[in-house]
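**Student:** Structure file upload-v9.cif (mmCIF, C-alpha atoms and all ligand atoms) right here:
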```cif
data_model
loop_
_atom_site.group_PDB
_atom_site.id
_atom_site.type_symbol
_atom_site.label_atom_id
_atom_site.label_comp_id
_atom_site.auth_asym_id
_atom_site.auth_seq_id
_atom_site.Cartn_x
_atom_site.Cartn_y
_atom_site.Cartn_z
ATOM 1 C CA MET C 1 -55.245 30.676 -73.445
ATOM 2 C CA ILE C 2 -57.821 32.013 -75.828
ATOM 3 C CA GLU C 3 -60.038 29.540 -77.563
ATOM 4 C CA ILE C 4 -61.708 30.571 -80.785
ATOM 5 C CA LEU C 5 -64.646 28.372 -81.652
ATOM 6 C CA GLU C 6 -65.954 27.674 -85.140
ATOM 7 C CA PRO C 7 -68.554 30.392 -85.720
ATOM 8 C CA PHE C 8 -72.229 29.852 -86.478
ATOM 9 C CA ALA C 9 -72.496 30.442 -90.230
ATOM 10 C CA PRO C 10 -75.077 28.083 -91.736
ATOM 11 C CA ILE C 11 -75.803 27.638 -95.435
ATOM 12 C CA GLU C 12 -79.392 28.406 -96.444
ATOM 13 C CA GLU C 13 -81.128 28.261 -99.808
ATOM 14 C CA LEU C 14 -82.444 31.653 -100.899
ATOM 15 C CA ASN C 15 -86.094 31.837 -101.722
ATOM 16 C CA TYR C 16 -86.060 34.533 -104.374
ATOM 17 C CA SER C 17 -88.333 34.861 -107.397
ATOM 18 C CA LEU C 18 -85.526 35.501 -109.911
ATOM 19 C CA TYR C 19 -83.777 32.264 -108.964
ATOM 20 C CA LYS C 20 -87.003 30.282 -109.354
ATOM 21 C CA GLN C 21 -87.684 31.947 -112.690
ATOM 22 C CA TYR C 22 -84.276 30.878 -114.052
ATOM 23 C CA GLY C 23 -84.158 27.524 -112.287
ATOM 24 C CA VAL C 24 -80.893 28.309 -110.463
ATOM 25 C CA HIS C 25 -80.393 27.142 -106.887
ATOM 26 C CA VAL C 26 -78.695 29.869 -104.892
ATOM 27 C CA PHE C 27 -77.467 29.222 -101.372
ATOM 28 C CA ILE C 28 -75.994 31.774 -98.996
ATOM 29 C CA LYS C 29 -73.382 31.097 -96.347
ATOM 30 C CA ARG C 30 -74.420 33.254 -93.434
ATOM 31 C CA GLU C 31 -71.007 34.393 -92.249
ATOM 32 C CA ASP C 32 -72.860 37.561 -91.226
ATOM 33 C CA LEU C 33 -74.406 35.594 -88.352
ATOM 34 C CA SER C 34 -71.084 34.669 -86.759
ATOM 35 C CA HIS C 35 -71.066 37.728 -84.474
ATOM 36 C CA PRO C 36 -72.836 41.094 -84.693
ATOM 37 C CA TYR C 37 -69.577 43.098 -84.715
ATOM 38 C CA ILE C 38 -66.757 40.617 -85.399
ATOM 39 C CA SER C 39 -68.683 39.881 -88.489
ATOM 40 C CA GLY C 40 -68.233 37.706 -91.543
ATOM 41 C CA ASN C 41 -64.853 37.620 -93.205
ATOM 42 C CA LYS C 42 -63.413 39.939 -90.541
ATOM 43 C CA TRP C 43 -63.897 37.192 -87.967
ATOM 44 C CA ARG C 44 -62.222 34.678 -90.280
ATOM 45 C CA LYS C 45 -59.317 37.017 -91.034
ATOM 46 C CA LEU C 46 -58.713 37.923 -87.384
ATOM 47 C CA LYS C 47 -58.583 34.397 -85.969
ATOM 48 C CA TYR C 48 -54.937 33.555 -86.677
ATOM 49 C CA HIS C 49 -53.788 37.096 -85.958
ATOM 50 C CA LEU C 50 -55.311 36.811 -82.477
ATOM 51 C CA LEU C 51 -53.641 33.452 -81.909
ATOM 52 C CA ALA C 52 -50.304 34.850 -83.129
ATOM 53 C CA ALA C 53 -50.636 37.870 -80.816
ATOM 54 C CA GLN C 54 -51.217 35.508 -77.930
ATOM 55 C CA ALA C 55 -48.299 33.268 -78.893
ATOM 56 C CA GLN C 56 -46.070 36.357 -78.934
ATOM 57 C CA GLU C 57 -47.447 37.375 -75.533
ATOM 58 C CA LYS C 58 -48.597 40.751 -76.821
ATOM 59 C CA GLN C 59 -51.264 42.527 -74.822
ATOM 60 C CA HIS C 60 -52.021 45.238 -77.351
ATOM 61 C CA LEU C 61 -53.389 45.037 -80.858
ATOM 62 C CA GLN C 62 -52.913 47.864 -83.303
ATOM 63 C CA THR C 63 -54.566 48.092 -86.687
ATOM 64 C CA TYR C 64 -55.618 50.421 -89.489
ATOM 65 C CA GLY C 65 -58.786 51.361 -91.331
ATOM 66 C CA GLY C 66 -61.025 54.010 -92.836
ATOM 67 C CA PRO C 67 -63.649 55.780 -90.705
ATOM 68 C CA TYR C 68 -66.309 53.181 -91.663
ATOM 69 C CA SER C 69 -64.016 50.187 -91.423
ATOM 70 C CA ASN C 70 -65.706 46.900 -90.540
ATOM 71 C CA HIS C 71 -62.226 45.632 -89.729
ATOM 72 C CA LEU C 72 -61.589 48.306 -87.059
ATOM 73 C CA LEU C 73 -64.879 47.467 -85.404
ATOM 74 C CA ALA C 74 -64.190 43.725 -85.585
ATOM 75 C CA THR C 75 -60.757 44.242 -84.026
ATOM 76 C CA ALA C 76 -62.219 46.413 -81.254
ATOM 77 C CA ALA C 77 -64.886 43.816 -80.408
ATOM 78 C CA ALA C 78 -62.523 40.834 -80.705
ATOM 79 C CA GLY C 79 -59.842 42.574 -78.652
ATOM 80 C CA ALA C 80 -62.337 43.198 -75.862
ATOM 81 C CA LYS C 81 -63.643 39.633 -76.043
ATOM 82 C CA TYR C 82 -60.223 37.985 -75.953
ATOM 83 C CA GLY C 83 -58.513 40.306 -73.502
ATOM 84 C CA PHE C 84 -56.365 42.612 -75.645
ATOM 85 C CA LYS C 85 -56.133 46.385 -75.506
ATOM 86 C CA THR C 86 -56.763 47.826 -78.966
ATOM 87 C CA LYS C 87 -55.694 50.867 -80.917
ATOM 88 C CA GLY C 88 -57.151 51.895 -84.257
ATOM 89 C CA ILE C 89 -55.311 54.166 -86.659
ATOM 90 C CA VAL C 90 -58.049 55.876 -88.664
ATOM 91 C CA ARG C 91 -57.522 57.349 -92.118
ATOM 92 C CA GLY C 92 -58.359 61.035 -92.530
ATOM 93 C CA GLU C 93 -59.660 63.997 -90.543
ATOM 94 C CA PRO C 94 -61.056 63.369 -87.049
ATOM 95 C CA VAL C 95 -64.725 62.445 -87.417
ATOM 96 C CA SER C 96 -67.422 60.755 -85.409
ATOM 97 C CA ASN C 97 -69.847 58.157 -86.730
ATOM 98 C CA PRO C 98 -71.701 55.103 -85.387
ATOM 99 C CA ILE C 99 -68.903 52.684 -86.383
ATOM 100 C CA LEU C 100 -66.200 54.655 -84.569
ATOM 101 C CA LYS C 101 -68.497 55.134 -81.571
ATOM 102 C CA LEU C 102 -68.937 51.369 -81.388
ATOM 103 C CA CYS C 103 -65.153 50.964 -81.589
ATOM 104 C CA SER C 104 -64.864 53.298 -78.592
ATOM 105 C CA LEU C 105 -67.527 51.387 -76.671
ATOM 106 C CA PHE C 106 -65.366 48.289 -77.042
ATOM 107 C CA GLY C 107 -62.466 50.255 -75.575
ATOM 108 C CA MET C 108 -60.488 50.919 -78.740
ATOM 109 C CA GLY C 109 -58.264 53.980 -78.672
ATOM 110 C CA LEU C 110 -58.541 55.924 -81.937
ATOM 111 C CA ALA C 111 -55.889 58.055 -83.614
ATOM 112 C CA PHE C 112 -56.666 59.940 -86.821
ATOM 113 C CA VAL C 113 -53.921 60.462 -89.356
ATOM 114 C CA ASP C 114 -54.031 62.267 -92.691
ATOM 115 C CA ARG C 115 -54.194 60.239 -95.875
ATOM 116 C CA GLU C 116 -50.538 60.656 -96.804
ATOM 117 C CA ARG C 117 -49.256 59.548 -93.452
ATOM 118 C CA TYR C 118 -51.849 56.778 -93.300
ATOM 119 C CA LYS C 119 -50.505 55.278 -96.538
ATOM 120 C CA ILE C 120 -46.996 55.212 -95.109
ATOM 121 C CA LEU C 121 -48.113 53.651 -91.824
ATOM 122 C CA VAL C 122 -50.102 50.959 -93.608
ATOM 123 C CA GLN C 123 -47.025 50.029 -95.644
ATOM 124 C CA GLU C 124 -44.857 49.977 -92.526
ATOM 125 C CA ALA C 125 -47.408 47.762 -90.803
ATOM 126 C CA LEU C 126 -46.699 45.049 -93.366
ATOM 127 C CA GLN C 127 -43.088 44.866 -92.173
ATOM 128 C CA GLU C 128 -43.421 45.287 -88.422
ATOM 129 C CA ASN C 129 -44.205 42.831 -85.676
ATOM 130 C CA SER C 130 -41.008 42.281 -83.733
ATOM 131 C CA ASN C 131 -40.014 45.686 -82.419
ATOM 132 C CA THR C 132 -43.107 46.842 -80.599
ATOM 133 C CA THR C 133 -45.186 45.985 -77.591
ATOM 134 C CA SER C 134 -48.219 45.838 -79.857
ATOM 135 C CA TYR C 135 -49.151 43.108 -82.270
ATOM 136 C CA ILE C 136 -49.741 44.827 -85.596
ATOM 137 C CA ILE C 137 -52.626 43.553 -87.695
ATOM 138 C CA PRO C 138 -52.368 44.712 -91.316
ATOM 139 C CA GLU C 139 -55.151 46.895 -92.753
ATOM 140 C CA GLY C 140 -58.230 44.772 -93.383
ATOM 141 C CA GLY C 141 -56.766 41.840 -91.435
ATOM 142 C CA GLY C 142 -55.252 40.310 -94.543
ATOM 143 C CA GLY C 143 -51.944 38.634 -95.230
ATOM 144 C CA ALA C 144 -51.165 34.934 -95.014
ATOM 145 C CA LEU C 145 -52.760 34.553 -91.557
ATOM 146 C CA GLY C 146 -55.949 36.266 -92.670
ATOM 147 C CA GLU C 147 -56.207 34.076 -95.740
ATOM 148 C CA LYS C 148 -55.601 30.943 -93.689
ATOM 149 C CA GLY C 149 -58.613 31.799 -91.532
ATOM 150 C CA VAL C 150 -60.817 32.331 -94.574
ATOM 151 C CA ALA C 151 -59.690 29.055 -96.186
ATOM 152 C CA GLU C 152 -61.125 27.208 -93.181
ATOM 153 C CA LEU C 153 -64.684 28.103 -94.029
ATOM 154 C CA VAL C 154 -64.606 25.896 -97.126
ATOM 155 C CA GLN C 155 -66.091 22.403 -96.949
ATOM 156 C CA PRO C 156 -66.181 19.706 -99.615
ATOM 157 C CA TRP C 157 -68.939 21.356 -101.667
ATOM 158 C CA GLU C 158 -70.657 20.705 -104.947
ATOM 159 C CA TYR C 159 -71.451 24.192 -106.139
ATOM 160 C CA GLN C 160 -70.626 25.181 -109.714
ATOM 161 C CA HIS C 161 -69.973 28.759 -108.596
ATOM 162 C CA VAL C 162 -68.972 30.350 -105.293
ATOM 163 C CA PHE C 163 -69.488 34.118 -105.148
ATOM 164 C CA THR C 164 -67.667 36.582 -102.921
ATOM 165 C CA SER C 165 -67.303 40.336 -102.813
ATOM 166 C CA VAL C 166 -63.748 41.620 -103.284
ATOM 167 C CA GLY C 167 -62.182 44.616 -101.533
ATOM 168 C CA THR C 168 -58.513 43.950 -100.863
ATOM 169 C CA GLY C 169 -58.932 40.422 -102.270
ATOM 170 C CA SER C 170 -57.717 38.597 -99.132
ATOM 171 C CA THR C 171 -61.038 36.869 -98.681
ATOM 172 C CA MET C 172 -61.088 35.678 -102.277
ATOM 173 C CA ARG C 173 -57.504 34.380 -102.061
ATOM 174 C CA GLY C 174 -58.363 32.499 -98.861
ATOM 175 C CA LEU C 175 -61.475 31.122 -100.491
ATOM 176 C CA LEU C 176 -59.511 29.941 -103.543
ATOM 177 C CA LYS C 177 -56.952 28.300 -101.281
ATOM 178 C CA GLY C 178 -59.716 26.556 -99.347
ATOM 179 C CA MET C 179 -61.388 25.395 -102.565
ATOM 180 C CA GLN C 180 -58.083 23.871 -103.702
ATOM 181 C CA ASP C 181 -57.432 22.215 -100.337
ATOM 182 C CA ALA C 182 -60.912 20.647 -100.378
ATOM 183 C CA ASN C 183 -60.557 19.583 -104.033
ATOM 184 C CA ASN C 184 -63.701 21.502 -104.901
ATOM 185 C CA LEU C 185 -64.271 21.961 -108.614
ATOM 186 C CA GLY C 186 -66.477 25.069 -108.491
ATOM 187 C CA THR C 187 -65.370 28.407 -109.890
ATOM 188 C CA VAL C 188 -64.833 31.283 -107.470
ATOM 189 C CA GLN C 189 -66.588 34.407 -108.789
ATOM 190 C CA GLY C 190 -65.163 37.585 -107.292
ATOM 191 C CA VAL C 191 -67.187 40.783 -107.545
ATOM 192 C CA VAL C 192 -64.825 43.726 -107.179
ATOM 193 C CA VAL C 193 -66.378 46.725 -105.398
ATOM 194 C CA LEU C 194 -63.564 49.169 -106.219
ATOM 195 C CA LYS C 195 -63.503 51.202 -109.401
ATOM 196 C CA GLY C 196 -60.519 50.934 -111.726
ATOM 197 C CA ALA C 197 -59.036 48.027 -109.768
ATOM 198 C CA GLU C 198 -58.241 45.843 -112.793
ATOM 199 C CA ALA C 199 -54.544 45.685 -111.812
ATOM 200 C CA MET C 200 -55.623 43.548 -108.875
ATOM 201 C CA ALA C 201 -55.913 40.620 -111.298
ATOM 202 C CA GLN C 202 -52.110 40.301 -110.916
ATOM 203 C CA GLU C 203 -52.610 39.160 -107.336
ATOM 204 C CA PHE C 204 -54.491 36.054 -108.480
ATOM 205 C CA ILE C 205 -52.305 34.747 -111.258
ATOM 206 C CA ASN C 206 -50.879 31.993 -109.068
ATOM 207 C CA PHE C 207 -54.274 30.308 -109.046
ATOM 208 C CA PRO C 208 -55.309 28.172 -112.039
ATOM 209 C CA ALA C 209 -57.111 30.374 -114.564
ATOM 210 C CA HIS C 210 -60.146 28.074 -114.701
ATOM 211 C CA SER C 211 -60.652 28.214 -110.925
ATOM 212 C CA TYR C 212 -61.833 31.809 -110.723
ATOM 213 C CA GLN C 213 -63.219 34.859 -112.475
ATOM 214 C CA LEU C 214 -63.010 38.494 -111.417
ATOM 215 C CA HIS C 215 -65.842 40.882 -112.282
ATOM 216 C CA PHE C 216 -64.944 44.552 -112.511
ATOM 217 C CA ASN C 217 -68.222 46.012 -113.786
ATOM 218 C CA TYR C 218 -70.341 45.917 -110.679
ATOM 219 C CA HIS C 219 -68.796 48.621 -108.463
ATOM 220 C CA GLU C 220 -71.775 51.005 -108.966
ATOM 221 C CA GLY C 221 -69.553 54.053 -109.241
ATOM 222 C CA GLY C 222 -66.795 53.019 -106.854
ATOM 223 C CA TYR C 223 -65.888 51.984 -103.329
ATOM 224 C CA ALA C 224 -68.601 52.882 -100.812
ATOM 225 C CA LYS C 225 -70.551 54.681 -103.559
ATOM 226 C CA SER C 226 -74.208 53.997 -103.264
ATOM 227 C CA ASN C 227 -77.322 55.106 -105.124
ATOM 228 C CA ALA C 228 -81.116 55.004 -104.841
ATOM 229 C CA GLU C 229 -81.369 51.941 -107.086
ATOM 230 C CA LEU C 230 -78.909 49.994 -104.947
ATOM 231 C CA MET C 231 -80.773 50.932 -101.760
ATOM 232 C CA GLN C 232 -84.057 49.877 -103.397
ATOM 233 C CA PHE C 233 -82.450 46.572 -104.342
ATOM 234 C CA ILE C 234 -81.382 46.033 -100.713
ATOM 235 C CA LYS C 235 -84.957 46.684 -99.628
ATOM 236 C CA ASP C 236 -86.513 44.367 -102.220
ATOM 237 C CA PHE C 237 -84.032 41.593 -101.498
ATOM 238 C CA ALA C 238 -84.448 41.854 -97.717
ATOM 239 C CA SER C 239 -88.218 41.900 -97.910
ATOM 240 C CA GLU C 240 -88.291 38.868 -100.218
ATOM 241 C CA THR C 241 -85.593 36.721 -98.576
ATOM 242 C CA GLY C 242 -85.188 37.948 -95.001
ATOM 243 C CA VAL C 243 -81.477 38.585 -95.638
ATOM 244 C CA LEU C 244 -80.002 42.055 -95.195
ATOM 245 C CA LEU C 245 -77.103 43.063 -97.444
ATOM 246 C CA ASP C 246 -74.747 45.956 -96.810
ATOM 247 C CA GLN C 247 -74.457 48.638 -99.473
ATOM 248 C CA VAL C 248 -70.641 48.635 -99.768
ATOM 249 C CA TYR C 249 -70.002 44.965 -100.527
ATOM 250 C CA GLU C 250 -72.686 42.327 -100.328
ATOM 251 C CA ALA C 251 -75.494 44.094 -102.211
ATOM 252 C CA LYS C 252 -73.114 44.664 -105.133
ATOM 253 C CA MET C 253 -72.081 41.016 -105.062
ATOM 254 C CA ILE C 254 -75.673 39.742 -105.131
ATOM 255 C CA LYS C 255 -76.637 42.249 -107.840
ATOM 256 C CA ALA C 256 -73.769 40.901 -109.943
ATOM 257 C CA LEU C 257 -74.907 37.325 -109.332
ATOM 258 C CA ASN C 258 -78.448 38.247 -110.375
ATOM 259 C CA ASP C 259 -77.200 39.956 -113.518
ATOM 260 C CA LEU C 260 -75.095 36.932 -114.499
ATOM 261 C CA ILE C 261 -78.110 34.665 -113.990
ATOM 262 C CA ALA C 262 -80.356 36.938 -116.057
ATOM 263 C CA LYS C 263 -77.718 37.040 -118.826
ATOM 264 C CA GLY C 264 -77.478 33.240 -118.902
ATOM 265 C CA SER C 265 -73.832 33.083 -117.731
ATOM 266 C CA ILE C 266 -75.129 30.907 -114.904
ATOM 267 C CA GLN C 267 -77.450 28.262 -116.190
ATOM 268 C CA SER C 268 -80.652 26.587 -115.142
ATOM 269 C CA GLY C 269 -80.014 23.628 -112.855
ATOM 270 C CA GLN C 270 -76.709 24.997 -111.533
ATOM 271 C CA LYS C 271 -76.000 25.367 -107.830
ATOM 272 C CA VAL C 272 -74.440 28.569 -106.581
ATOM 273 C CA LEU C 273 -73.093 29.531 -103.158
ATOM 274 C CA ALA C 274 -72.787 33.188 -102.165
ATOM 275 C CA LEU C 275 -70.673 34.124 -99.149
ATOM 276 C CA HIS C 276 -72.320 36.743 -96.986
ATOM 277 C CA ASN C 277 -69.263 38.485 -95.582
ATOM 278 C CA GLY C 278 -71.178 40.540 -93.035
ATOM 279 C CA GLY C 279 -70.779 44.304 -92.809
ATOM 280 C CA LEU C 280 -74.260 45.052 -91.527
ATOM 281 C CA SER C 281 -73.070 47.670 -89.017
ATOM 282 C CA GLY C 282 -72.109 49.661 -92.092
ATOM 283 C CA LEU C 283 -75.663 49.466 -93.411
ATOM 284 C CA LEU C 284 -77.161 50.329 -90.033
ATOM 285 C CA SER C 285 -74.811 53.304 -89.663
ATOM 286 C CA GLN C 286 -76.433 54.762 -92.788
ATOM 287 C CA LEU C 287 -79.957 54.280 -91.415
ATOM 288 C CA TYR C 288 -79.517 55.766 -87.945
HETATM 289 C C1 LIG O 301 -63.955 43.760 -95.598
HETATM 290 C C2 LIG O 301 -65.180 43.264 -96.306
HETATM 291 C C3 LIG O 301 -65.125 42.722 -97.599
HETATM 292 C C4 LIG O 301 -63.851 42.710 -98.418
HETATM 293 O O1 LIG O 301 -62.978 41.704 -98.055
HETATM 294 P P1 LIG O 301 -61.504 41.650 -98.668
HETATM 295 O O2 LIG O 301 -60.878 40.499 -98.005
HETATM 296 O O3 LIG O 301 -60.842 42.948 -98.322
HETATM 297 O O4 LIG O 301 -61.611 41.495 -100.142
HETATM 298 C C5 LIG O 301 -66.292 42.245 -98.141
HETATM 299 N N1 LIG O 301 -67.465 42.294 -97.482
HETATM 300 C C6 LIG O 301 -67.568 42.824 -96.250
HETATM 301 C C7 LIG O 301 -68.889 42.890 -95.602
HETATM 302 C C8 LIG O 301 -66.437 43.315 -95.621
HETATM 303 O O5 LIG O 301 -66.549 43.851 -94.393
#
```
When written as structure tokens, how does the structure in this file appear?
**Tutor:**
Amino acid sequence: MIEILEPFAPIEELNYSLYKQYGVHVFIKREDLSHPYISGNKWRKLKYHLLAAQAQEKQHLQTYGGPYSNHLLATAAAGAKYGFKTKGIVRGEPVSNPILKLCSLFGMGLAFVDRERYKILVQEALQENSNTTSYIIPEGGGGALGEKGVAELVQPWEYQHVFTSVGTGSTMRGLLKGMQDANNLGTVQGVVVLKGAEAMAQEFINFPAHSYQLHFNYHEGGYAKSNAELMQFIKDFASETGVLLDQVYEAKMIKALNDLIAKGSIQSGQKVLALHNGGLSGLLSQLY
């Protein structure tokens, strides 16, 4: 029997000059502290997949991701921790990088497939789960089980705004579900890190329009695109607050929050919660 304990992910107020200047109280939920490699939302999204794999008596986990996927690494580390063999299907040409090396250290077998084939396999993965010896976890760990795990992180809160970064949107859907379940009134603010992803709005229309907002202007050039200004922001923020942000997701989310405060969209006296969804291996892999 595997037992998955509630992770350590405290809420801390951020001590940051901009927030003082505008009189906004910004808190951060340190999901990044839950585990160094099964980090943040990936931990939340994996929980019910792991329990389902166990219930189905599967000994192997198979999942999908890009060569810098936080989800692949989380699955590798969680598989090792909870006694599953793991296989990662990696998008694109065979490459080596610190993330994939960590996956290997945790015993994950890696198979590289070209982008065309990868797309097909990822679609197939959404259907499977009865005909194989492996439990298939969808790309990014999403789906209903992933969202259920995320919903659990919500408590009865009194924040006017809850910020999250948005990749596939599973985390934001789970968060919205959790906010509803807890009868929280705050608005979920989703900062989309992909360029040209406006069609994604369709995937949220089942939630009341007043309960959330999606922001499409903070992708900084697109998914995983970084620049000197963003890296400088990470440095300034870390040195002022003690909190590291990854360049793919969390730095863009906090930059968006700061911009909305500076523009007056978030007002003096309001309380804001930002989810830190982890991803720091991705930052470190750029520094090594
Ligand atoms: C995967 C990931 C996200 C995106 O989560 P989605 O559920 O795909 O929207 C955000 N932040 C970090 C650090 C991640 O690893």
**Student:** Could you jot down the atom CA of Leu33 of chain C to atom CA of His276 of chain C separation for me, Å, one decimal place?
**Tutor:** 9.0 Å
**Student:** Return as JSON the box centre and box size in Å, one decimal, for an axis-aligned box around all listed atoms of ligand LIG 301 (chain O) padded by 6 Å per side.
**Tutor:**
```
{"center_x": -64.9, "center_y": 42.2, "center_z": -97.3, "size_x": 20.0, "size_y": 15.4, "size_z": 17.7}
```
**Student:** Show me which residues sit within 7 Å of ligand LIG 301 (chain O) when counting only C-alpha atoms and all ligand atoms, and put them as a ChimeraX atom specification.
**Tutor:** /C:40-42,70-71,140,142,165-172,246,249-250,277-279
**Student:** How many Å lie between atom CA of Ala199 of chain C and atom CA of Leu214 of chain C, rounded to one decimal?
**Tutor:**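 Here the two named atoms are 11.1 Å from each other.
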**Student:** Specify as a list in words each residue included when the PyMOL selection byres (((chain C and resi 155-157) around 7) and not hetatm) is applied to this file.
**Tutor:**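 When the PyMOL selection byres (((chain C and resi 155-157) around 7) and not hetatm) is applied to the shown file, the picked residues are Leu153, Val154, Glu158, Tyr159, Ala182 and Asn184 of chain C.
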**Student:** Name all residues at most 12 Å from Ala125 of chain C (count only C-alpha atoms; drop same-chain ones fewer than 6 positions away) and give them as a list in words.
**Tutor:**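 Using only C-alpha atoms, the neighbours found are Leu61, Gln62, Thr63, Tyr64, Gly65, Ile89, Tyr118, Lys119, Asn131, Thr132, Ser134, Tyr135, Ile136, Ile137, Pro138, Glu139, Gly140, Gly141, Gly142 and Gly143 of chain C.
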**Student:** For the provided coordinates, the residues matched by the PyMOL selection byres (((chain C and resi 212) around 9) and not hetatm) should be stated as a list in words.
**Tutor:**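 For this structure, the PyMOL selection byres (((chain C and resi 212) around 9) and not hetatm) resolves to His161, Leu176, Gly186, Thr187, Val188, Gln189, Gly190, Phe204, Phe207, Pro208, Ala209, His210, Ser211, Gln213 and Leu214 of chain C.
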**Student:** Could you write out as a PyMOL selection string the residues that the PyMOL selection byres (((chain C and resi 29) around 9) and not hetatm) matches in the shown file?
**Tutor:** chain C and resi 9-13+27-28+30-32+273-277
**Student:** Store the residues picked out above in a file with C-alpha atoms, as a compact mmCIF listing (two decimals), in the coordinates of the input.
**Tutor:**
```txt
# COMPACT_ATOMS: atom_id res chain seq x y z
CA ALA C 9 -72.50 30.44 -90.23
CA PRO C 10 -75.08 28.08 -91.74
CA ILE C 11 -75.80 27.64 -95.44
CA GLU C 12 -79.39 28.41 -96.44
CA GLU C 13 -81.13 28.26 -99.81
CA PHE C 27 -77.47 29.22 -101.37
CA ILE C 28 -75.99 31.77 -99.00
CA ARG C 30 -74.42 33.25 -93.43
CA GLU C 31 -71.01 34.39 -92.25
CA ASP C 32 -72.86 37.56 -91.23
CA LEU C 273 -73.09 29.53 -103.16
CA ALA C 274 -72.79 33.19 -102.16
CA LEU C 275 -70.67 34.12 -99.15
CA HIS C 276 -72.32 36.74 -96.99
CA ASN C 277 -69.26 38.48 -95.58
```
**Student:** Have segment 69-74 of chain C completed to all heavy atoms, please, and pass it along as a tab-separated table (two decimals), keeping the file's coordinate frame.
**Tutor:**
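part35.tsv, freshly written:
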```tsv
chain	number	residue	atom	x	y	z
C	69	SER	N	-64.63	51.50	-91.25
C	69	SER	CA	-64.02	50.19	-91.42
C	69	SER	C	-64.68	49.09	-90.58
C	69	SER	O	-64.69	49.16	-89.34
C	69	SER	CB	-62.53	50.29	-91.05
C	69	SER	OG	-61.97	49.01	-90.90
C	70	ASN	N	-65.19	48.07	-91.25
C	70	ASN	CA	-65.71	46.90	-90.54
C	70	ASN	C	-64.58	46.19	-89.80
C	70	ASN	O	-64.80	45.56	-88.77
C	70	ASN	CB	-66.34	45.91	-91.53
C	70	ASN	CG	-67.57	46.48	-92.21
C	70	ASN	OD1	-68.32	47.24	-91.61
C	70	ASN	ND2	-67.76	46.12	-93.48
C	71	HIS	N	-63.38	46.29	-90.34
C	71	HIS	CA	-62.23	45.63	-89.73
C	71	HIS	C	-61.84	46.29	-88.40
C	71	HIS	O	-61.50	45.61	-87.43
C	71	HIS	CB	-61.05	45.64	-90.71
C	71	HIS	CG	-59.75	45.32	-90.07
C	71	HIS	ND1	-59.46	44.06	-89.58
C	71	HIS	CD2	-58.65	46.09	-89.81
C	71	HIS	CE1	-58.25	44.08	-89.05
C	71	HIS	NE2	-57.74	45.28	-89.17
C	72	LEU	N	-61.88	47.62	-88.34
C	72	LEU	CA	-61.59	48.31	-87.06
C	72	LEU	C	-62.58	47.86	-86.00
C	72	LEU	O	-62.19	47.53	-84.87
C	72	LEU	CB	-61.67	49.83	-87.22
C	72	LEU	CG	-60.50	50.58	-87.84
C	72	LEU	CD1	-60.78	52.08	-87.82
C	72	LEU	CD2	-59.18	50.28	-87.12
C	73	LEU	N	-63.85	47.85	-86.37
C	73	LEU	CA	-64.88	47.47	-85.40
C	73	LEU	C	-64.69	46.01	-84.97
C	73	LEU	O	-64.79	45.69	-83.77
C	73	LEU	CB	-66.27	47.69	-86.02
C	73	LEU	CG	-67.46	47.26	-85.16
C	73	LEU	CD1	-67.43	47.89	-83.78
C	73	LEU	CD2	-68.77	47.62	-85.87
C	74	ALA	N	-64.40	45.14	-85.92
C	74	ALA	CA	-64.19	43.72	-85.58
C	74	ALA	C	-63.00	43.57	-84.63
C	74	ALA	O	-63.06	42.80	-83.66
C	74	ALA	CB	-63.96	42.91	-86.86
```
